[in-house]
>>> print(open('data.tsv').read())   # TSV, C-alpha atoms and all ligand atoms
chain	number	residue	atom	x	y	z
A	1	ALA	CA	22.39	48.85	-68.22
A	2	GLY	CA	20.01	50.37	-70.72
A	3	ALA	CA	16.92	50.88	-68.63
A	4	HIS	CA	17.76	54.09	-66.80
A	5	ARG	CA	18.28	57.67	-67.90
A	6	PHE	CA	22.09	57.71	-67.51
A	7	SER	CA	22.78	54.02	-68.26
A	8	ALA	CA	24.24	54.66	-71.69
A	9	VAL	CA	26.39	57.54	-70.44
A	10	ILE	CA	27.96	55.62	-67.57
A	11	SER	CA	28.55	52.54	-69.75
A	12	ARG	CA	30.44	54.73	-72.19
A	13	ILE	CA	32.43	56.29	-69.33
A	14	ALA	CA	33.35	52.85	-67.95
A	15	GLU	CA	34.70	51.87	-71.38
A	16	GLU	CA	36.71	55.07	-71.60
A	17	MET	CA	38.16	54.55	-68.12
A	18	ALA	CA	39.13	50.95	-68.92
A	19	ALA	CA	41.11	52.27	-71.90
A	20	ARG	CA	43.16	54.71	-69.80
A	21	ASP	CA	46.77	53.88	-69.06
A	22	ASP	CA	47.28	56.33	-66.18
A	23	HIS	CA	45.45	55.01	-63.16
A	24	GLY	CA	47.34	56.68	-60.32
A	25	THR	CA	48.62	54.90	-57.22
A	26	PRO	CA	46.55	53.44	-54.38
A	27	ALA	CA	47.06	55.04	-50.96
A	28	ASP	CA	49.94	53.38	-49.15
A	29	TYR	CA	49.97	55.12	-45.75
A	30	ILE	CA	48.34	51.99	-44.34
A	31	PRO	CA	48.97	48.49	-45.73
A	32	MET	CA	45.24	47.72	-45.87
A	33	LEU	CA	44.71	50.20	-48.72
A	34	ALA	CA	47.92	49.62	-50.66
A	35	GLY	CA	47.13	46.22	-52.19
A	36	VAL	CA	44.09	47.13	-54.30
A	37	ASP	CA	44.31	46.93	-58.11
A	38	PRO	CA	44.27	50.55	-59.41
A	39	ARG	CA	42.44	49.47	-62.58
A	40	ARG	CA	39.28	48.63	-60.70
A	41	PHE	CA	36.45	51.01	-61.52
A	42	GLY	CA	32.83	51.34	-60.49
A	43	MET	CA	30.25	54.08	-60.88
A	44	ALA	CA	26.70	54.33	-59.54
A	45	VAL	CA	23.85	56.78	-60.04
A	46	ALA	CA	21.07	57.14	-57.46
A	47	GLU	CA	17.88	58.89	-58.51
A	48	PRO	CA	16.02	60.95	-55.88
A	49	ASP	CA	13.29	58.26	-55.73
A	50	GLY	CA	15.82	55.67	-54.53
A	51	THR	CA	16.45	53.93	-57.86
A	52	VAL	CA	20.12	53.01	-58.13
A	53	TYR	CA	22.11	51.55	-61.02
A	54	GLY	CA	25.72	51.36	-62.05
A	55	VAL	CA	28.59	49.93	-64.03
A	56	GLY	CA	31.74	47.95	-63.29
A	57	ASP	CA	32.55	47.41	-59.60
A	58	TRP	CA	29.59	49.47	-58.42
A	59	ARG	CA	28.56	46.91	-55.81
A	60	GLN	CA	32.07	46.29	-54.48
A	61	PRO	CA	32.55	47.64	-50.91
A	62	PHE	CA	35.62	49.87	-50.47
A	63	SER	CA	37.06	51.98	-47.67
A	64	THR	CA	35.01	55.18	-47.45
A	65	GLN	CA	37.71	57.12	-45.55
A	66	SER	CA	37.14	60.88	-45.92
A	67	ILE	CA	33.76	60.44	-47.63
A	68	SER	CA	32.48	59.66	-44.11
A	69	LYS	CA	33.23	63.31	-43.22
A	70	VAL	CA	30.18	64.48	-45.18
A	71	PHE	CA	27.84	62.26	-43.19
A	72	ALA	CA	29.43	63.24	-39.88
A	73	LEU	CA	28.99	66.92	-40.75
A	74	ALA	CA	25.36	66.40	-41.76
A	75	LEU	CA	24.64	64.68	-38.44
A	76	ALA	CA	26.42	67.38	-36.43
A	77	LEU	CA	24.48	70.10	-38.26
A	78	SER	CA	21.17	68.31	-37.78
A	79	LEU	CA	21.75	67.76	-34.05
A	80	ASP	CA	23.54	70.95	-33.19
A	81	GLY	CA	22.82	73.56	-35.87
A	82	GLU	CA	25.19	76.47	-36.31
A	83	ARG	CA	27.20	75.68	-33.20
A	84	ILE	CA	29.54	73.41	-35.15
A	85	TRP	CA	30.91	76.48	-36.98
A	86	ARG	CA	32.36	77.87	-33.75
A	87	GLY	CA	35.07	75.25	-33.98
A	88	VAL	CA	35.63	74.87	-37.71
A	89	GLY	CA	35.64	77.22	-40.69
A	90	ARG	CA	34.27	77.05	-44.20
A	91	GLU	CA	37.19	78.08	-46.36
A	92	PRO	CA	39.24	75.91	-48.69
A	93	SER	CA	42.62	75.18	-47.15
A	94	GLY	CA	44.83	75.04	-50.23
A	95	ASN	CA	46.92	72.59	-48.23
A	96	PRO	CA	47.08	68.78	-48.04
A	97	PHE	CA	44.27	67.06	-46.13
A	98	ASN	CA	46.50	66.15	-43.21
A	99	SER	CA	48.35	69.46	-42.97
A	100	LEU	CA	49.15	71.15	-39.64
A	101	VAL	CA	50.46	74.48	-40.88
A	102	GLN	CA	47.38	76.71	-40.76
A	103	LEU	CA	46.25	75.65	-37.30
A	104	GLU	CA	48.84	77.68	-35.44
A	105	TYR	CA	47.96	80.91	-37.24
A	106	GLU	CA	44.23	80.35	-36.81
A	107	ASN	CA	44.13	79.54	-33.10
A	108	GLY	CA	43.48	75.85	-33.50
A	109	ILE	CA	40.40	76.40	-35.72
A	110	PRO	CA	40.69	74.26	-38.87
A	111	ARG	CA	39.82	75.76	-42.22
A	112	ASN	CA	36.96	73.39	-43.05
A	113	PRO	CA	35.24	70.16	-41.94
A	114	PHE	CA	36.58	68.07	-44.82
A	115	ILE	CA	40.29	68.17	-44.02
A	116	ASN	CA	41.44	65.88	-41.21
A	117	ALA	CA	41.73	68.62	-38.58
A	118	GLY	CA	38.22	69.88	-39.28
A	119	ALA	CA	36.78	66.39	-39.39
A	120	LEU	CA	38.32	65.72	-35.98
A	121	VAL	CA	36.44	68.77	-34.61
A	122	VAL	CA	33.17	67.47	-36.11
A	123	THR	CA	33.71	63.96	-34.75
A	124	ASP	CA	34.61	65.42	-31.34
A	125	ARG	CA	31.30	67.28	-31.26
A	126	LEU	CA	29.29	64.33	-32.58
A	127	GLN	CA	30.90	62.01	-30.05
A	128	ALA	CA	30.15	64.46	-27.24
A	129	LEU	CA	26.54	64.74	-28.39
A	130	THR	CA	25.79	61.07	-29.05
A	131	GLY	CA	28.46	59.00	-27.28
A	132	ASP	CA	29.04	57.06	-30.51
A	133	ALA	CA	29.96	59.27	-33.46
A	134	ALA	CA	31.15	56.42	-35.68
A	135	GLY	CA	28.07	54.35	-34.86
A	136	GLN	CA	25.85	57.29	-35.83
A	137	VAL	CA	27.61	57.66	-39.18
A	138	ARG	CA	27.29	53.90	-39.80
A	139	GLU	CA	23.59	54.03	-38.90
A	140	LEU	CA	22.95	56.93	-41.27
A	141	LEU	CA	24.62	55.04	-44.13
A	142	ARG	CA	22.71	51.85	-43.33
A	143	THR	CA	19.36	53.57	-43.14
A	144	GLU	CA	19.73	55.71	-46.25
A	145	SER	CA	21.18	52.91	-48.39
A	146	GLY	CA	18.92	50.19	-47.04
A	147	ASN	CA	22.03	48.02	-46.59
A	148	ALA	CA	22.29	46.80	-43.00
A	149	ALA	CA	25.58	45.05	-43.81
A	150	ILE	CA	27.54	48.32	-43.99
A	151	ASP	CA	30.12	48.17	-41.23
A	152	PHE	CA	33.48	49.22	-39.80
A	153	VAL	CA	36.57	47.27	-40.76
A	154	PRO	CA	38.45	46.82	-37.47
A	155	ASP	CA	41.74	45.98	-39.22
A	156	VAL	CA	41.60	49.26	-41.15
A	157	ALA	CA	40.84	51.26	-37.98
A	158	ALA	CA	43.69	49.48	-36.17
A	159	SER	CA	46.05	50.16	-39.05
A	160	GLU	CA	45.08	53.87	-39.00
A	161	ALA	CA	45.82	53.95	-35.28
A	162	ALA	CA	49.17	52.22	-35.76
A	163	HIS	CA	50.12	54.87	-38.34
A	164	GLY	CA	48.20	57.67	-36.65
A	165	ASP	CA	50.92	60.05	-35.50
A	166	ARG	CA	49.84	62.84	-37.82
A	167	ASN	CA	46.17	62.70	-36.83
A	168	ALA	CA	47.21	62.46	-33.17
A	169	ALA	CA	49.34	65.57	-33.61
A	170	LEU	CA	46.39	67.44	-35.16
A	171	ALA	CA	44.09	66.39	-32.31
A	172	HIS	CA	46.57	67.26	-29.56
A	173	PHE	CA	47.36	70.60	-31.13
A	174	MET	CA	43.69	71.55	-31.29
A	175	ALA	CA	43.19	70.24	-27.75
A	176	SER	CA	45.82	72.74	-26.61
A	177	TYR	CA	43.45	75.49	-27.81
A	178	GLY	CA	40.43	73.82	-26.23
A	179	ASN	CA	38.95	73.23	-29.68
A	180	VAL	CA	38.47	69.53	-29.08
A	181	THR	CA	37.08	68.41	-25.77
A	182	LEU	CA	37.27	64.63	-25.61
A	183	PRO	CA	40.39	62.83	-24.41
A	184	VAL	CA	42.48	62.59	-27.59
A	185	PRO	CA	42.65	58.76	-27.58
A	186	GLU	CA	38.83	58.55	-27.48
A	187	LEU	CA	38.52	61.09	-30.28
A	188	LEU	CA	41.06	59.30	-32.48
A	189	ALA	CA	39.37	55.94	-31.91
A	190	ALA	CA	36.03	57.40	-33.02
A	191	TYR	CA	37.59	59.10	-36.05
A	192	PHE	CA	39.46	55.97	-37.18
A	193	ARG	CA	36.33	53.84	-36.80
A	194	GLN	CA	34.35	56.34	-38.84
A	195	CYS	CA	37.00	56.35	-41.60
A	196	SER	CA	37.13	52.53	-41.65
A	197	ILE	CA	33.52	52.07	-42.79
A	198	GLU	CA	33.26	50.03	-45.99
A	199	ALA	CA	30.48	50.71	-48.46
A	200	SER	CA	29.95	50.39	-52.21
A	201	CYS	CA	29.24	53.01	-54.87
A	202	ALA	CA	25.58	51.91	-54.75
A	203	ASP	CA	25.47	52.35	-50.96
A	204	LEU	CA	27.13	55.76	-50.99
A	205	ALA	CA	25.16	57.17	-53.92
A	206	LEU	CA	21.94	56.23	-52.11
A	207	SER	CA	23.23	57.46	-48.74
A	208	ALA	CA	24.06	60.89	-50.13
A	209	GLY	CA	20.58	61.19	-51.64
A	210	PHE	CA	19.42	63.64	-48.98
A	211	LEU	CA	21.86	66.16	-50.45
A	212	ALA	CA	20.14	65.94	-53.83
A	213	ARG	CA	16.70	66.04	-52.14
A	214	HIS	CA	17.42	69.32	-50.31
A	215	GLY	CA	17.83	67.62	-46.93
A	216	VAL	CA	15.05	65.02	-47.10
A	217	ARG	CA	15.92	61.45	-46.08
A	218	ALA	CA	14.94	58.31	-47.99
A	219	ASP	CA	11.87	57.83	-45.76
A	220	GLY	CA	10.66	61.40	-46.38
A	221	SER	CA	11.71	62.78	-42.99
A	222	VAL	CA	13.94	65.84	-42.75
A	223	LEU	CA	17.62	65.39	-41.87
A	224	LEU	CA	18.70	68.90	-42.88
A	225	THR	CA	16.78	72.04	-43.69
A	226	ARG	CA	16.89	73.13	-47.31
A	227	SER	CA	19.34	75.82	-46.28
A	228	GLN	CA	21.60	73.37	-44.42
A	229	ALA	CA	21.62	71.00	-47.40
A	230	LYS	CA	22.72	73.90	-49.58
A	231	GLN	CA	25.44	74.72	-47.04
A	232	VAL	CA	26.83	71.18	-47.01
A	233	ASN	CA	26.81	71.08	-50.81
A	234	ALA	CA	28.59	74.44	-50.92
A	235	VAL	CA	31.33	73.27	-48.56
A	236	MET	CA	31.72	70.09	-50.62
A	237	LEU	CA	32.15	72.18	-53.77
A	238	THR	CA	34.76	74.48	-52.21
A	239	CYS	CA	36.55	72.04	-49.87
A	240	GLY	CA	35.57	68.45	-50.72
A	241	THR	CA	38.63	67.45	-52.68
A	242	TYR	CA	41.31	68.99	-50.44
A	243	ASP	CA	43.85	71.18	-52.22
A	244	ALA	CA	42.40	70.23	-55.59
A	245	ALA	CA	38.89	71.64	-54.96
A	246	GLY	CA	39.38	74.46	-57.48
A	247	GLU	CA	40.42	72.02	-60.18
A	248	PHE	CA	37.54	69.68	-59.29
A	249	ALA	CA	35.01	72.51	-59.53
A	250	TYR	CA	36.56	73.56	-62.85
A	251	ARG	CA	36.47	70.07	-64.35
A	252	VAL	CA	33.35	68.57	-62.76
A	253	GLY	CA	31.26	71.51	-61.56
A	254	LEU	CA	29.51	69.59	-58.78
A	255	PRO	CA	29.73	69.38	-54.99
A	256	GLY	CA	31.95	66.35	-54.37
A	257	LYS	CA	33.81	64.57	-51.62
A	258	SER	CA	36.72	62.21	-52.10
A	259	GLY	CA	38.41	59.71	-49.82
A	260	VAL	CA	41.83	58.06	-49.98
A	261	GLY	CA	40.12	54.71	-50.50
A	262	GLY	CA	39.54	55.97	-54.07
A	263	GLY	CA	35.85	56.83	-53.78
A	264	ILE	CA	34.21	60.14	-54.69
A	265	ILE	CA	30.57	61.13	-54.15
A	266	ALA	CA	29.09	63.96	-56.18
A	267	ILE	CA	25.74	65.68	-55.95
A	268	VAL	CA	23.55	67.05	-58.73
A	269	PRO	CA	21.04	68.93	-56.55
A	270	GLY	CA	17.45	68.07	-57.46
A	271	GLU	CA	18.63	65.52	-60.04
A	272	CYS	CA	20.71	62.63	-58.72
A	273	THR	CA	23.76	61.56	-56.73
A	274	LEU	CA	26.82	59.85	-58.14
A	275	CYS	CA	29.53	57.71	-56.62
A	276	VAL	CA	32.65	56.54	-58.40
A	277	TRP	CA	35.39	54.28	-57.12
A	278	SER	CA	38.81	53.62	-58.53
A	279	PRO	CA	41.63	53.17	-56.03
A	280	GLY	CA	44.47	54.83	-57.96
A	281	LEU	CA	45.06	58.34	-56.56
A	282	ASP	CA	46.76	61.49	-57.78
A	283	ARG	CA	49.28	63.32	-55.60
A	284	ARG	CA	46.51	65.23	-53.83
A	285	GLY	CA	44.80	62.02	-52.76
A	286	ASN	CA	41.89	62.06	-55.23
A	287	SER	CA	40.99	59.11	-57.46
A	288	VAL	CA	42.44	59.68	-60.95
A	289	ALA	CA	39.76	57.74	-62.84
A	290	GLY	CA	37.11	58.96	-60.38
A	291	VAL	CA	37.68	62.62	-61.19
A	292	ALA	CA	38.01	61.82	-64.90
A	293	ALA	CA	34.73	59.89	-64.90
A	294	LEU	CA	32.84	62.69	-63.16
A	295	ASP	CA	34.38	65.18	-65.57
A	296	ARG	CA	33.07	63.07	-68.46
A	297	PHE	CA	29.65	62.68	-66.82
A	298	THR	CA	29.01	66.40	-66.53
A	299	THR	CA	30.51	67.05	-69.95
A	300	LEU	CA	28.40	64.40	-71.69
A	301	THR	CA	25.14	65.21	-69.87
A	302	GLY	CA	25.51	68.98	-69.54
A	303	LEU	CA	24.49	68.64	-65.88
A	304	SER	CA	26.37	70.68	-63.28
A	305	VAL	CA	25.56	73.33	-60.70
A	306	PHE	CA	26.68	75.94	-63.24
B	401	LIG	N1	41.74	58.07	-42.62
B	401	LIG	C1	42.40	59.00	-43.46
B	401	LIG	C2	43.30	59.88	-42.63
B	401	LIG	O1	42.88	60.34	-41.60
B	401	LIG	C3	41.38	59.81	-44.18
B	401	LIG	C4	42.02	60.79	-45.08
B	401	LIG	C5	41.40	60.88	-46.42
B	401	LIG	O2	40.58	60.07	-46.89
B	401	LIG	N2	41.85	61.88	-47.11
B	401	LIG	O3	44.43	60.12	-43.00
>>> encode(input="data.tsv", output="structure tokens")
Amino acid sequence: AGAHRFSAVISRIAEEMAARDDHGTPADYIPMLAGVDPRRFGMAVAEPDGTVYGVGDWRQPFSTQSISKVFALALALSLDGERIWRGVGREPSGNPFNSLVQLEYENGIPRNPFINAGALVVTDRLQALTGDAAGQVRELLRTESGNAAIDFVPDVAASEAAHGDRNAALAHFMASYGNVTLPVPELLAAYFRQCSIEASCADLALSAGFLARHGVRADGSVLLTRSQAKQVNAVMLTCGTYDAAGEFAYRVGLPGKSGVGGGIIAIVPGECTLCVWSPGLDRRGNSVAGVAALDRFTTLTGLSVF
């Protein structure tokens, strides 16, 4: 620490987080996530030029889970443009990430791509387009981070499948409306593989860099148009932290996306990308120290989209 523009800020935040006594509870819906020490904490900053630095456990790989939904959406938008929005909306759900309730009233069209139902629609489309949705997400993360070791964790995917009744119900229900097209077992396998990808704060902060660079990839090529990058950031702001997106926008003021592995990515458009990891979650499924650290970051730096 010391050499980069936010080194002092994130070092201070790491000290503050270590002093907290409320760390939340790691996800326990699958055994693979339940055993992690909730006091672990890492935070990374990636500059638009590809410089990355961090504090604490910033190089420790963790389960990306729902953070993968951002990369799947970006790929679907880049390959398929506006068509993806025929099957999924862009409104916050106000309901838990795995909720079924709104689907019946909205003809099998999920509220947004960052709750499980909406992510299943995106993965269905990406799988139909590429034949390997999870592999495409892995490849995007590898290429943007420069880390070819990023990979699926088969035990995590298998554990998701073994406890997958809720996601199966979501997929079957949407299939009854024709809003997913693959055989449900193939769709679920792709979705669980995608969720099982392990990556570190450094990897994810770098991988999300195209969202701070208005759609431009690490090698200078265009993944998303400027307008599409804005759209993804907007959906992250309004829907990226499930039924706590209003509170997240209020506290942090940045587009963000959380996962039940305890990671959160956040974008400061034109400035930098952030990733925090701390496995203890609140009752909505967001990392307690992760949200607190991002809150402190925008408070101490004055950076936000507002
Ligand atoms: N794999 C998890 C699930 O489908 C992802 C959910 C999450 O990170 N919120 O339940």
>>> closest_residue(input="data.tsv", among="A:Leu141, A:Leu188, A:Ala18, A:Val260", to="A:Arg284", atoms="all atoms listed in the file")
A:Val260
>>> residues_near_ligand(input="data.tsv", ligand="ligand LIG 401 (chain B)", cutoff="10 Å", atoms="all atoms listed in the file", output="PyMOL selection string")
chain A and resi 27+29-30+63-69+96-98+114-117+119-120+156-157+159-161+163-168+188+191-196+240-242+257-263+284-286
>>> atom_distance(input="data.tsv", atom1="atom CA of A:Gly50", atom2="atom CA of A:Asp203")
10.8 Å
>>> atom_distance(input="data.tsv", atom1="atom CA of A:Leu100", atom2="atom CA of A:Asp124")
17.7 Å
>>> atom_distance(input="data.tsv", atom1="atom CA of A:Ala134", atom2="atom CA of A:Met174")
20.1 Å
>>> residues_around(input="data.tsv", residues="A:Thr181", least_positions_apart="3", cutoff="9 Å", atoms="only C-alpha atoms", output="ChimeraX atom specification")
/A:121,124-125,128,175,178,184,187
>>> residues_around(input="data.tsv", residues="A:Leu223", least_positions_apart="4", cutoff="9 Å", atoms="all atoms listed in the file", output="list of chain:residue names")
A:Ala74, A:Leu75, A:Ser78, A:Phe210, A:Gly215, A:Val216, A:Arg217, A:Ala229
>>> closest_residue(input="data.tsv", among="A:Glu144, A:Glu91, A:Glu82, A:Glu106", to="A:Val235", atoms="all atoms listed in the file")
A:Glu91
>>> closest_residue(input="data.tsv", among="A:Ser278, A:Ser287, A:Asn112, A:Thr299", to="A:Ala14", atoms="only C-alpha atoms")
A:Ser278
>>> closest_residue(input="data.tsv", among="A:Leu300, A:Ala244, A:Thr130, A:Ala266", to="A:Val70", atoms="only C-alpha atoms")
A:Ala266
>>> closest_residue(input="data.tsv", among="A:Ala289, A:Ala162, A:Leu237, A:Cys201", to="A:Met43", atoms="all atoms listed in the file")
A:Cys201
>>> closest_residue(input="data.tsv", among="A:Arg142, A:Pro269, A:Leu170, A:Asp155", to="A:Leu33", atoms="all atoms listed in the file")
A:Asp155
>>> residues_around(input="data.tsv", residues="A:Leu77", least_positions_apart="3", cutoff="10 Å", atoms="only C-alpha atoms", output="number ranges by chain")
A: 71-74, 80-85, 122, 126, 223-225, 228-229, 231-232
>>> build_atoms(input="data.tsv", residues="stretch 105-134 of chain A", atoms="N, CA and C atoms", output="short mmCIF file (atom, residue, chain, number, x, y, z; two decimals), keeping the file's coordinate frame")
data_model
loop_
_atom_site.label_atom_id
_atom_site.label_comp_id
_atom_site.auth_asym_id
_atom_site.auth_seq_id
_atom_site.Cartn_x
_atom_site.Cartn_y
_atom_site.Cartn_z
N TYR A 105 48.30 79.51 -36.93
CA TYR A 105 47.96 80.91 -37.24
C TYR A 105 46.49 81.20 -36.98
N GLU A 106 45.68 80.15 -36.92
CA GLU A 106 44.23 80.35 -36.81
C GLU A 106 43.70 79.80 -35.50
N ASN A 107 44.53 79.86 -34.47
CA ASN A 107 44.13 79.54 -33.10
C ASN A 107 43.46 78.18 -32.94
N GLY A 108 43.99 77.21 -33.67
CA GLY A 108 43.48 75.85 -33.50
C GLY A 108 42.13 75.61 -34.15
N ILE A 109 41.67 76.56 -34.99
CA ILE A 109 40.40 76.40 -35.72
C ILE A 109 40.72 75.95 -37.14
N PRO A 110 40.38 74.73 -37.51
CA PRO A 110 40.69 74.26 -38.87
C PRO A 110 39.90 75.02 -39.92
N ARG A 111 40.44 75.04 -41.12
CA ARG A 111 39.82 75.76 -42.22
C ARG A 111 38.44 75.26 -42.60
N ASN A 112 38.26 73.93 -42.61
CA ASN A 112 36.96 73.39 -43.05
C ASN A 112 36.77 71.98 -42.50
N PRO A 113 35.54 71.46 -42.55
CA PRO A 113 35.24 70.16 -41.94
C PRO A 113 35.68 68.96 -42.76
N PHE A 114 36.26 69.18 -43.95
CA PHE A 114 36.58 68.07 -44.82
C PHE A 114 38.08 67.78 -44.91
N ILE A 115 38.91 68.57 -44.24
CA ILE A 115 40.29 68.17 -44.02
C ILE A 115 40.35 67.45 -42.67
N ASN A 116 41.42 66.72 -42.42
CA ASN A 116 41.44 65.88 -41.21
C ASN A 116 41.20 66.69 -39.95
N ALA A 117 41.87 67.84 -39.81
CA ALA A 117 41.73 68.62 -38.58
C ALA A 117 40.27 69.01 -38.35
N GLY A 118 39.62 69.47 -39.40
CA GLY A 118 38.22 69.88 -39.28
C GLY A 118 37.29 68.71 -39.01
N ALA A 119 37.60 67.58 -39.62
CA ALA A 119 36.78 66.39 -39.39
C ALA A 119 36.94 65.91 -37.95
N LEU A 120 38.13 66.09 -37.39
CA LEU A 120 38.32 65.72 -35.98
C LEU A 120 37.45 66.60 -35.07
N VAL A 121 37.32 67.88 -35.39
CA VAL A 121 36.44 68.77 -34.61
C VAL A 121 34.99 68.30 -34.71
N VAL A 122 34.56 67.93 -35.92
CA VAL A 122 33.17 67.47 -36.11
C VAL A 122 32.93 66.17 -35.34
N THR A 123 33.87 65.24 -35.46
CA THR A 123 33.71 63.96 -34.75
C THR A 123 33.73 64.17 -33.24
N ASP A 124 34.57 65.09 -32.77
CA ASP A 124 34.61 65.42 -31.34
C ASP A 124 33.23 65.87 -30.87
N ARG A 125 32.62 66.74 -31.63
CA ARG A 125 31.30 67.28 -31.26
C ARG A 125 30.22 66.18 -31.34
N LEU A 126 30.28 65.40 -32.41
CA LEU A 126 29.29 64.33 -32.58
C LEU A 126 29.43 63.27 -31.49
N GLN A 127 30.66 62.98 -31.12
CA GLN A 127 30.90 62.01 -30.05
C GLN A 127 30.38 62.56 -28.72
N ALA A 128 30.63 63.85 -28.47
CA ALA A 128 30.15 64.46 -27.24
C ALA A 128 28.62 64.46 -27.19
N LEU A 129 28.00 64.66 -28.34
CA LEU A 129 26.54 64.74 -28.39
C LEU A 129 25.86 63.38 -28.30
N THR A 130 26.49 62.36 -28.89
CA THR A 130 25.79 61.07 -29.05
C THR A 130 26.47 59.92 -28.30
N GLY A 131 27.73 60.09 -27.92
CA GLY A 131 28.46 59.00 -27.28
C GLY A 131 28.98 57.95 -28.25
N ASP A 132 28.60 58.06 -29.53
CA ASP A 132 29.04 57.06 -30.51
C ASP A 132 29.01 57.66 -31.92
N ALA A 133 29.95 58.56 -32.17
CA ALA A 133 29.96 59.27 -33.46
C ALA A 133 30.04 58.30 -34.63
N ALA A 134 30.96 57.35 -34.55
CA ALA A 134 31.15 56.42 -35.68
C ALA A 134 29.91 55.56 -35.87
#
